[in-house]
Structure formats: structure tokens, C-alpha cells
Amino acid sequence: MTDLRPTLQDKALAHGKVILGGEHAVVYGCPAIAVSIPRALELRCERSETQQDLLLSVPAWGLERRLGPTPSTSEDRLDQALRAIFASARVAPWGHHIHGKTELPAGAGLGSSAALCVGLAKLALGPQASDQAIFELSMVGESVFHGDPSGIDSHLSVFGGVVRFTRGQKPEPVRLPGPLGLWIISSQTPRQSANLVAGVKARMEALPLLAKPTWALFEAQVQAMQEALLARAFKNLGLIMQMQHQLLAGLGVSTPQLDGLCTCAMQAGALGAKLTGAGGGGCVLLLPPPDADNKDFGSQLEAEMQTQMGKIYPHFPLEIQEQ
Ligand code: PMV
């Protein structure tokens, strides 16, 4: 790695994200709608007088990684992503300690890997860098983690907001006419997005006749979802979320646990519930009844999880502001 600029920025913030609809299909050029989780990761970077390596620690993810200038043969995706980002930026990060603070769970479909890549890209590129340059550099790392990322996670992590994202096109902001209350439940089951994306690819290649109509149905659901969001037609929004979960399950990316958590949400009175992100574990997104009191709805949800799943999974409300 050419040692052109040995100094990193001392602080970077990156957003997380939740996909409302269109995950997986977005890899094939269909639109998806996603919202950002603002300022979900904070990276702080200090120069160390005593060590030559790069040290990355994110205690919330149980992550403590040390990397030296010479690559070894046993490096995992995180090591490779770190090297790729700094090499692309032509920055030598050695002798720095990067410390991350976050409430995003790792590997749960809430954009943790993109947030990390965006945070690192910001540290590497410095304060003059454009958002587009940060996005492009973060995609270098995301490609290591995900193989063939659509870019939706990185886009939300850099630019924030609520967007309709289509690969290769300028993302369109979705201007919510009022606040939107959602809830997230974490299944606490980690998974690798790259494997789930590869599984969908294999299933679609095995059934080429079904690919076009399947993606067309995703696209129609996302269009209907956008219209329901703009009209604040929450009953329809919930219905579309239900349909979308079934479609994703048909692609093989749901699990009995995710299906069970969606059922708990519906029994608790939600208008709709679906897996969000790559599936296989990660999180469930649900739409509570429009006027539900958070405390009452939370208690109802907990009671359903305890009865049906034998335990209470981590869950929290997510209030999306009018855009
Ligand atoms: O990594 P996740 O769980 O946030 O999933 C990303 C969304 C996918 O559509 C499944 C993949 C992609 O690159 O868009």
C-alpha cells in the first residue's frame, strides 16, 4: 500500500437503514424503498504512539481487530474490506486505533456493514470529500462483504432520508407527508447477506421462467407501497408488507423463527410484518396500528412472543419523521 497520506480523520458518523420493501429484487434492478436510522455508528480515530498496526474495536459488536501492513493468507472478509478501503483511498492507516460506538446490531439487516464501510471511507477521505466519493469508496468495502451489493445500504448510510432506490439510477426521495411509526424485532440470529443473495440467484437460475414475473410482482408491490406511504393508507401498507414477506419466503430467505415473529406481531395487532434485509435471521419490521400507544403495543408484543416463542426478543420502536 502506498503511504501517501498517513493521517486519518478523527471522527466519522454513518447512518444505518431499514428496507421497507424490495430487498433482493433490488439486486436485479427493481426499486426498493428504505429509510435511514440516523447517526447509528460513530467512529473515533486516534493515532497511537506505541503500536504500528491498525486497531479496530467496536465493543457493541464484540469486535477487536488488529491488522498489520503485510497481509496474511488467513484473512477474513473484514480484514479484506479494511485493506480494500484504505488501499483504494491510497491511505496508510497503520498506527491508528479506530473505536466504534453503535446501537445497531451487527449482521442483522440494519446496515451495519455499510455503516462501517461508510465510516471508514469518511475517516480515509477527510472532510473535503464529496458524499458521492464517500459512497463509492464505501462500496469497495461492501463488495468484499456482500459480493454483489445493490448499493442501497451504502446510499442510505451516506445520504440518509427515505428513498426509492433503483440500482444504477439516481435515488428518488420519498417525501412522507407525516411521521411514520414502525417497530423492529431482532431475531438474534446472525447471517451472511452474501450467502442469502447467492441462494436467491441460484433459485432464480433454476427457474428462469419465473424470474421476470417474480421481479415484476416485487416492483408492483414497491410501487403500491410508495403510494400507500404517500397517502398514509396504513391498512394497505400493512397488507403489502404481508404480501412481501410471503414473496420473500417463497424465495427461500425466511425462516420458521422469522415467520413466528411476524405472527406474534400480527397477533399483537400490527397491520403488517415482514422480514427486512437479506433474511435468514436478522430483523422483522412491523407496522403497529396507527394510533397505538408504544407502551401498550410493546407489552402486547412481549406477551405474544413469550406465549408463542417462549422468549421475548429485543424489540424497539422506530419513528420516521416527516420528510
Ligand atoms: O445486508 P442486508 O441484510 O441489509 O441486505 C441487503 C439487501 C439485499 O437486497 C438483500 C442485498 C442488496 O445488496 O441490496
# chains A, B, ... in the order shown; residues from 1 in each chain; ligands from 1
>>> closest_atom_pairs(of="segment 274-317 of chain A", to="segment 235-253 of chain A", cutoff="10 Å", atoms="only C-alpha atoms", output="tab-separated table")
residue	atom	partner	partner_atom	distance
A:Lys274	CA	A:His245	CA	4.6
A:Leu275	CA	A:His245	CA	6.1
A:Thr276	CA	A:His245	CA	8.6
A:Gly277	CA	A:Val253	CA	9.7
A:Ala278	CA	A:Val253	CA	7.0
A:Gly279	CA	A:Val253	CA	5.1
A:Gly280	CA	A:Val253	CA	5.2
A:Gly281	CA	A:Val253	CA	8.6
A:Val284	CA	A:His245	CA	9.6
A:Leu285	CA	A:Met241	CA	8.8
A:Leu286	CA	A:Gly238	CA	8.1
A:Leu287	CA	A:Gly238	CA	6.3
A:Pro288	CA	A:Gly238	CA	8.7
A:Pro289	CA	A:Lys235	CA	8.6
A:Pro290	CA	A:Lys235	CA	9.0
>>> closest_atom_pairs(of="chain A", to="ligand 1", cutoff="9 Å", atoms="only C-alpha atoms and all ligand atoms", output="JSON lines")
{"residue": "A:Lys17", "atom": "CA", "partner": "ligand 1", "partner_atom_place_in_ligand_line": "4 (O)", "distance": 7.6}
{"residue": "A:Val18", "atom": "CA", "partner": "ligand 1", "partner_atom_place_in_ligand_line": "4 (O)", "distance": 7.5}
{"residue": "A:Ile19", "atom": "CA", "partner": "ligand 1", "partner_atom_place_in_ligand_line": "7 (C)", "distance": 7.4}
{"residue": "A:Gly22", "atom": "CA", "partner": "ligand 1", "partner_atom_place_in_ligand_line": "9 (O)", "distance": 7.1}
{"residue": "A:Glu23", "atom": "CA", "partner": "ligand 1", "partner_atom_place_in_ligand_line": "9 (O)", "distance": 3.7}
{"residue": "A:His24", "atom": "CA", "partner": "ligand 1", "partner_atom_place_in_ligand_line": "9 (O)", "distance": 3.7}
{"residue": "A:Ala25", "atom": "CA", "partner": "ligand 1", "partner_atom_place_in_ligand_line": "9 (O)", "distance": 6.5}
{"residue": "A:Val26", "atom": "CA", "partner": "ligand 1", "partner_atom_place_in_ligand_line": "9 (O)", "distance": 5.5}
{"residue": "A:Val27", "atom": "CA", "partner": "ligand 1", "partner_atom_place_in_ligand_line": "14 (O)", "distance": 5.2}
{"residue": "A:Tyr28", "atom": "CA", "partner": "ligand 1", "partner_atom_place_in_ligand_line": "14 (O)", "distance": 8.9}
{"residue": "A:Ala32", "atom": "CA", "partner": "ligand 1", "partner_atom_place_in_ligand_line": "9 (O)", "distance": 8.2}
{"residue": "A:Gly107", "atom": "CA", "partner": "ligand 1", "partner_atom_place_in_ligand_line": "3 (O)", "distance": 7.0}
{"residue": "A:Ala108", "atom": "CA", "partner": "ligand 1", "partner_atom_place_in_ligand_line": "3 (O)", "distance": 6.2}
{"residue": "A:Gly109", "atom": "CA", "partner": "ligand 1", "partner_atom_place_in_ligand_line": "3 (O)", "distance": 3.2}
{"residue": "A:Leu110", "atom": "CA", "partner": "ligand 1", "partner_atom_place_in_ligand_line": "4 (O)", "distance": 5.5}
{"residue": "A:Gly111", "atom": "CA", "partner": "ligand 1", "partner_atom_place_in_ligand_line": "4 (O)", "distance": 4.9}
{"residue": "A:Ser112", "atom": "CA", "partner": "ligand 1", "partner_atom_place_in_ligand_line": "4 (O)", "distance": 7.7}
{"residue": "A:Ser113", "atom": "CA", "partner": "ligand 1", "partner_atom_place_in_ligand_line": "1 (O)", "distance": 7.5}
{"residue": "A:Ala114", "atom": "CA", "partner": "ligand 1", "partner_atom_place_in_ligand_line": "1 (O)", "distance": 8.2}
{"residue": "A:Glu142", "atom": "CA", "partner": "ligand 1", "partner_atom_place_in_ligand_line": "13 (O)", "distance": 8.7}
{"residue": "A:Ser143", "atom": "CA", "partner": "ligand 1", "partner_atom_place_in_ligand_line": "13 (O)", "distance": 8.9}
{"residue": "A:Phe145", "atom": "CA", "partner": "ligand 1", "partner_atom_place_in_ligand_line": "1 (O)", "distance": 8.9}
{"residue": "A:His146", "atom": "CA", "partner": "ligand 1", "partner_atom_place_in_ligand_line": "13 (O)", "distance": 6.8}
{"residue": "A:Gly147", "atom": "CA", "partner": "ligand 1", "partner_atom_place_in_ligand_line": "13 (O)", "distance": 8.4}
{"residue": "A:Asp148", "atom": "CA", "partner": "ligand 1", "partner_atom_place_in_ligand_line": "13 (O)", "distance": 6.3}
{"residue": "A:Pro149", "atom": "CA", "partner": "ligand 1", "partner_atom_place_in_ligand_line": "13 (O)", "distance": 3.3}
{"residue": "A:Ser150", "atom": "CA", "partner": "ligand 1", "partner_atom_place_in_ligand_line": "13 (O)", "distance": 3.9}
{"residue": "A:Gly151", "atom": "CA", "partner": "ligand 1", "partner_atom_place_in_ligand_line": "13 (O)", "distance": 5.9}
{"residue": "A:Ile152", "atom": "CA", "partner": "ligand 1", "partner_atom_place_in_ligand_line": "14 (O)", "distance": 5.6}
{"residue": "A:Asp153", "atom": "CA", "partner": "ligand 1", "partner_atom_place_in_ligand_line": "4 (O)", "distance": 6.2}
{"residue": "A:Arg167", "atom": "CA", "partner": "ligand 1", "partner_atom_place_in_ligand_line": "14 (O)", "distance": 8.7}
{"residue": "A:Arg191", "atom": "CA", "partner": "ligand 1", "partner_atom_place_in_ligand_line": "3 (O)", "distance": 8.3}
{"residue": "A:Gln192", "atom": "CA", "partner": "ligand 1", "partner_atom_place_in_ligand_line": "1 (O)", "distance": 7.4}
{"residue": "A:Ser193", "atom": "CA", "partner": "ligand 1", "partner_atom_place_in_ligand_line": "1 (O)", "distance": 4.7}
{"residue": "A:Ala194", "atom": "CA", "partner": "ligand 1", "partner_atom_place_in_ligand_line": "1 (O)", "distance": 7.6}
{"residue": "A:Leu196", "atom": "CA", "partner": "ligand 1", "partner_atom_place_in_ligand_line": "10 (C)", "distance": 7.3}
{"residue": "A:Val197", "atom": "CA", "partner": "ligand 1", "partner_atom_place_in_ligand_line": "10 (C)", "distance": 5.9}
{"residue": "A:Thr276", "atom": "CA", "partner": "ligand 1", "partner_atom_place_in_ligand_line": "3 (O)", "distance": 6.9}
{"residue": "A:Gly277", "atom": "CA", "partner": "ligand 1", "partner_atom_place_in_ligand_line": "3 (O)", "distance": 3.5}
{"residue": "A:Ala278", "atom": "CA", "partner": "ligand 1", "partner_atom_place_in_ligand_line": "10 (C)", "distance": 3.7}
{"residue": "A:Gly279", "atom": "CA", "partner": "ligand 1", "partner_atom_place_in_ligand_line": "3 (O)", "distance": 6.3}
{"residue": "A:Gly280", "atom": "CA", "partner": "ligand 1", "partner_atom_place_in_ligand_line": "3 (O)", "distance": 8.9}
{"residue": "A:Gly281", "atom": "CA", "partner": "ligand 1", "partner_atom_place_in_ligand_line": "3 (O)", "distance": 8.9}
{"residue": "A:Gly282", "atom": "CA", "partner": "ligand 1", "partner_atom_place_in_ligand_line": "3 (O)", "distance": 7.1}
{"residue": "A:Cys283", "atom": "CA", "partner": "ligand 1", "partner_atom_place_in_ligand_line": "3 (O)", "distance": 8.6}
>>> write_last_selection(atoms="C-alpha atoms", output="compact mmCIF listing (two decimals), in the first residue's frame")
# COMPACT_ATOMS: atom_id res chain seq x y z
CA LYS A 17 -31.02 1.57 7.36
CA VAL A 18 -34.22 -0.42 7.27
CA ILE A 19 -35.59 -1.71 3.97
CA GLY A 22 -37.94 -4.59 -2.42
CA GLU A 23 -34.92 -6.28 -0.82
CA HIS A 24 -33.30 -8.94 -3.02
CA ALA A 25 -35.27 -7.71 -6.06
CA VAL A 26 -33.18 -4.53 -5.84
CA VAL A 27 -30.11 -6.58 -6.75
CA TYR A 28 -31.85 -7.33 -10.11
CA ALA A 32 -36.71 -0.77 -3.21
CA GLY A 107 -25.25 -8.75 10.75
CA ALA A 108 -28.95 -8.12 11.37
CA GLY A 109 -30.04 -6.40 8.14
CA LEU A 110 -29.92 -2.89 9.59
CA GLY A 111 -26.96 -1.79 7.50
CA SER A 112 -24.12 -2.39 9.97
CA SER A 113 -21.52 -3.39 7.37
CA ALA A 114 -22.39 -0.45 5.11
CA GLU A 142 -19.33 -3.51 0.80
CA SER A 143 -18.39 -5.53 -2.29
CA PHE A 145 -18.68 -8.19 2.45
CA HIS A 146 -21.58 -8.81 0.06
CA GLY A 147 -20.16 -9.89 -3.29
CA ASP A 148 -22.66 -8.03 -5.45
CA PRO A 149 -24.30 -5.30 -3.35
CA SER A 150 -27.05 -3.23 -4.93
CA GLY A 151 -25.70 -0.15 -3.13
CA ILE A 152 -28.91 0.56 -1.21
CA ASP A 153 -27.27 0.14 2.22
CA ARG A 167 -29.61 0.23 -8.87
CA ARG A 191 -26.45 -14.47 8.94
CA GLN A 192 -24.36 -13.55 5.91
CA SER A 193 -26.16 -11.43 3.33
CA ALA A 194 -23.80 -12.67 0.59
CA LEU A 196 -28.64 -15.33 1.05
CA VAL A 197 -28.22 -13.23 -2.10
CA THR A 276 -36.23 -6.82 6.40
CA GLY A 277 -32.89 -7.04 4.60
CA ALA A 278 -31.42 -10.27 3.37
CA GLY A 279 -33.42 -12.55 5.74
CA GLY A 280 -32.19 -15.89 7.08
CA GLY A 281 -32.24 -14.26 10.54
CA GLY A 282 -31.70 -10.58 11.26
CA CYS A 283 -34.78 -8.48 11.91
>>> atom_distance(atom1="atom CA of Pro69 of chain A", atom2="atom CA of Lys11 of chain A")
22.4 Å
>>> atom_distance(atom1="atom CA of Ile320 of chain A", atom2="atom CA of Val140 of chain A")
29.1 Å
>>> select_by_dssp(residues="segment 106-242 of chain A", states="strand (DSSP E or B)", output="PDB file with C-alpha atoms, in the first residue's frame")
ATOM      1  CA  VAL A 162     -36.340   7.889   2.930  1.00  0.00           C
ATOM      2  CA  VAL A 163     -35.631   6.833  -0.654  1.00  0.00           C
ATOM      3  CA  ARG A 164     -36.818   4.780  -3.540  1.00  0.00           C
ATOM      4  CA  PHE A 165     -33.595   3.204  -4.735  1.00  0.00           C
ATOM      5  CA  GLU A 172     -35.635   9.408  -5.525  1.00  0.00           C
ATOM      6  CA  PRO A 173     -36.556  10.870  -2.138  1.00  0.00           C
ATOM      7  CA  LEU A 180     -44.350   7.003  10.315  1.00  0.00           C
ATOM      8  CA  GLY A 181     -44.163   4.704  13.334  1.00  0.00           C
ATOM      9  CA  LEU A 182     -42.563   1.293  12.828  1.00  0.00           C
ATOM     10  CA  TRP A 183     -41.148  -1.371  15.140  1.00  0.00           C
ATOM     11  CA  ILE A 184     -38.168  -3.662  14.736  1.00  0.00           C
ATOM     12  CA  ILE A 185     -37.776  -7.087  16.337  1.00  0.00           C
ATOM     13  CA  SER A 186     -34.333  -8.696  16.298  1.00  0.00           C
TER      14      SER A 186
END
>>> atom_distance(atom1="atom CA of Arg203 of chain A", atom2="atom CA of Ala115 of chain A")
29.2 Å
>>> residues_around(residues="Gln52 of chain A", least_positions_apart="3", cutoff="12 Å", atoms="only C-alpha atoms", output="compact mmCIF listing (two decimals) with C-alpha atoms, in the first residue's frame")
# COMPACT_ATOMS: atom_id res chain seq x y z
CA PRO A 6 -0.74 8.58 6.87
CA ARG A 47 -3.02 7.97 16.48
CA SER A 48 -1.14 5.52 18.67
CA GLU A 49 2.44 6.25 19.71
CA LEU A 55 -6.60 -1.49 15.63
CA ARG A 66 -5.62 -5.84 14.65
CA LEU A 67 -4.19 -5.54 11.16
CA GLY A 68 -0.60 -5.00 10.07
CA PRO A 69 0.78 -3.70 6.77
CA THR A 70 1.56 -7.22 5.47
CA ALA A 92 -1.87 4.01 5.14
CA PRO A 93 -3.89 3.55 8.33
CA TRP A 94 -1.08 1.94 10.37
CA GLY A 95 -0.54 3.18 13.88
CA HIS A 96 -4.16 4.19 14.39
CA HIS A 97 -6.84 3.00 16.77
>>> closest_residue(among="A:Pro177, A:Gly161, A:Pro59, A:Gly168", to="Leu229 of chain A", atoms="only C-alpha atoms")
A:Pro177
>>> select_by_dssp(residues="segment 47-158 of chain A", states="alpha helix (DSSP H)", output="VMD selection string")
chain A and resid 77 to 88 112 to 125 131 to 146 152 to 158
>>> write_last_selection(atoms="C-alpha atoms", output="PDB file, in the first residue's frame")
ATOM      1  CA  ARG A  77     -13.900 -10.513   4.826  1.00  0.00           C
ATOM      2  CA  LEU A  78     -13.496  -7.789   7.446  1.00  0.00           C
ATOM      3  CA  ASP A  79      -9.685  -7.767   7.086  1.00  0.00           C
ATOM      4  CA  GLN A  80     -10.013  -7.741   3.309  1.00  0.00           C
ATOM      5  CA  ALA A  81     -12.635  -4.955   3.370  1.00  0.00           C
ATOM      6  CA  LEU A  82     -10.413  -2.813   5.606  1.00  0.00           C
ATOM      7  CA  ARG A  83      -7.417  -3.303   3.316  1.00  0.00           C
ATOM      8  CA  ALA A  84      -9.503  -2.644   0.182  1.00  0.00           C
ATOM      9  CA  ILE A  85     -10.945   0.636   1.500  1.00  0.00           C
ATOM     10  CA  PHE A  86      -7.619   2.084   2.646  1.00  0.00           C
ATOM     11  CA  ALA A  87      -5.757   0.849  -0.446  1.00  0.00           C
ATOM     12  CA  SER A  88      -8.377   2.427  -2.733  1.00  0.00           C
ATOM     13  CA  SER A 112     -24.118  -2.391   9.968  1.00  0.00           C
ATOM     14  CA  SER A 113     -21.522  -3.392   7.374  1.00  0.00           C
ATOM     15  CA  ALA A 114     -22.388  -0.454   5.114  1.00  0.00           C
ATOM     16  CA  ALA A 115     -22.241   1.925   8.092  1.00  0.00           C
ATOM     17  CA  LEU A 116     -18.800   0.579   8.969  1.00  0.00           C
ATOM     18  CA  CYS A 117     -17.588   0.953   5.372  1.00  0.00           C
ATOM     19  CA  VAL A 118     -19.012   4.484   5.145  1.00  0.00           C
ATOM     20  CA  GLY A 119     -17.449   5.455   8.472  1.00  0.00           C
ATOM     21  CA  LEU A 120     -14.068   4.108   7.369  1.00  0.00           C
ATOM     22  CA  ALA A 121     -14.382   5.833   3.982  1.00  0.00           C
ATOM     23  CA  LYS A 122     -15.045   9.141   5.763  1.00  0.00           C
ATOM     24  CA  LEU A 123     -12.013   8.657   8.021  1.00  0.00           C
ATOM     25  CA  ALA A 124      -9.867   7.833   4.993  1.00  0.00           C
ATOM     26  CA  LEU A 125     -11.060  10.587   2.655  1.00  0.00           C
ATOM     27  CA  ASP A 131     -20.796  12.341  -0.459  1.00  0.00           C
ATOM     28  CA  GLN A 132     -20.518  10.617  -3.834  1.00  0.00           C
ATOM     29  CA  ALA A 133     -16.800   9.884  -3.270  1.00  0.00           C
ATOM     30  CA  ILE A 134     -17.603   8.503   0.192  1.00  0.00           C
ATOM     31  CA  PHE A 135     -20.375   6.336  -1.304  1.00  0.00           C
ATOM     32  CA  GLU A 136     -18.051   4.977  -3.994  1.00  0.00           C
ATOM     33  CA  LEU A 137     -15.251   4.166  -1.569  1.00  0.00           C
ATOM     34  CA  SER A 138     -17.643   2.510   0.871  1.00  0.00           C
ATOM     35  CA  MET A 139     -18.877   0.283  -1.969  1.00  0.00           C
ATOM     36  CA  VAL A 140     -15.333  -1.076  -2.323  1.00  0.00           C
ATOM     37  CA  GLY A 141     -15.671  -2.488   1.209  1.00  0.00           C
ATOM     38  CA  GLU A 142     -19.330  -3.513   0.801  1.00  0.00           C
ATOM     39  CA  SER A 143     -18.389  -5.529  -2.293  1.00  0.00           C
ATOM     40  CA  VAL A 144     -15.976  -7.521  -0.152  1.00  0.00           C
ATOM     41  CA  PHE A 145     -18.685  -8.193   2.447  1.00  0.00           C
ATOM     42  CA  HIS A 146     -21.579  -8.812   0.062  1.00  0.00           C
ATOM     43  CA  ILE A 152     -28.908   0.555  -1.211  1.00  0.00           C
ATOM     44  CA  ASP A 153     -27.266   0.140   2.222  1.00  0.00           C
ATOM     45  CA  SER A 154     -24.328   2.390   1.362  1.00  0.00           C
ATOM     46  CA  HIS A 155     -26.588   5.003  -0.192  1.00  0.00           C
ATOM     47  CA  LEU A 156     -28.776   5.217   2.913  1.00  0.00           C
ATOM     48  CA  SER A 157     -25.719   5.200   5.146  1.00  0.00           C
ATOM     49  CA  VAL A 158     -24.193   8.224   3.383  1.00  0.00           C
TER      50      VAL A 158
END
>>> closest_residue(among="A:Gly269, A:Pro256, A:Glu227, A:Phe316", to="Gln300 of chain A", atoms="only C-alpha atoms")
A:Gly269
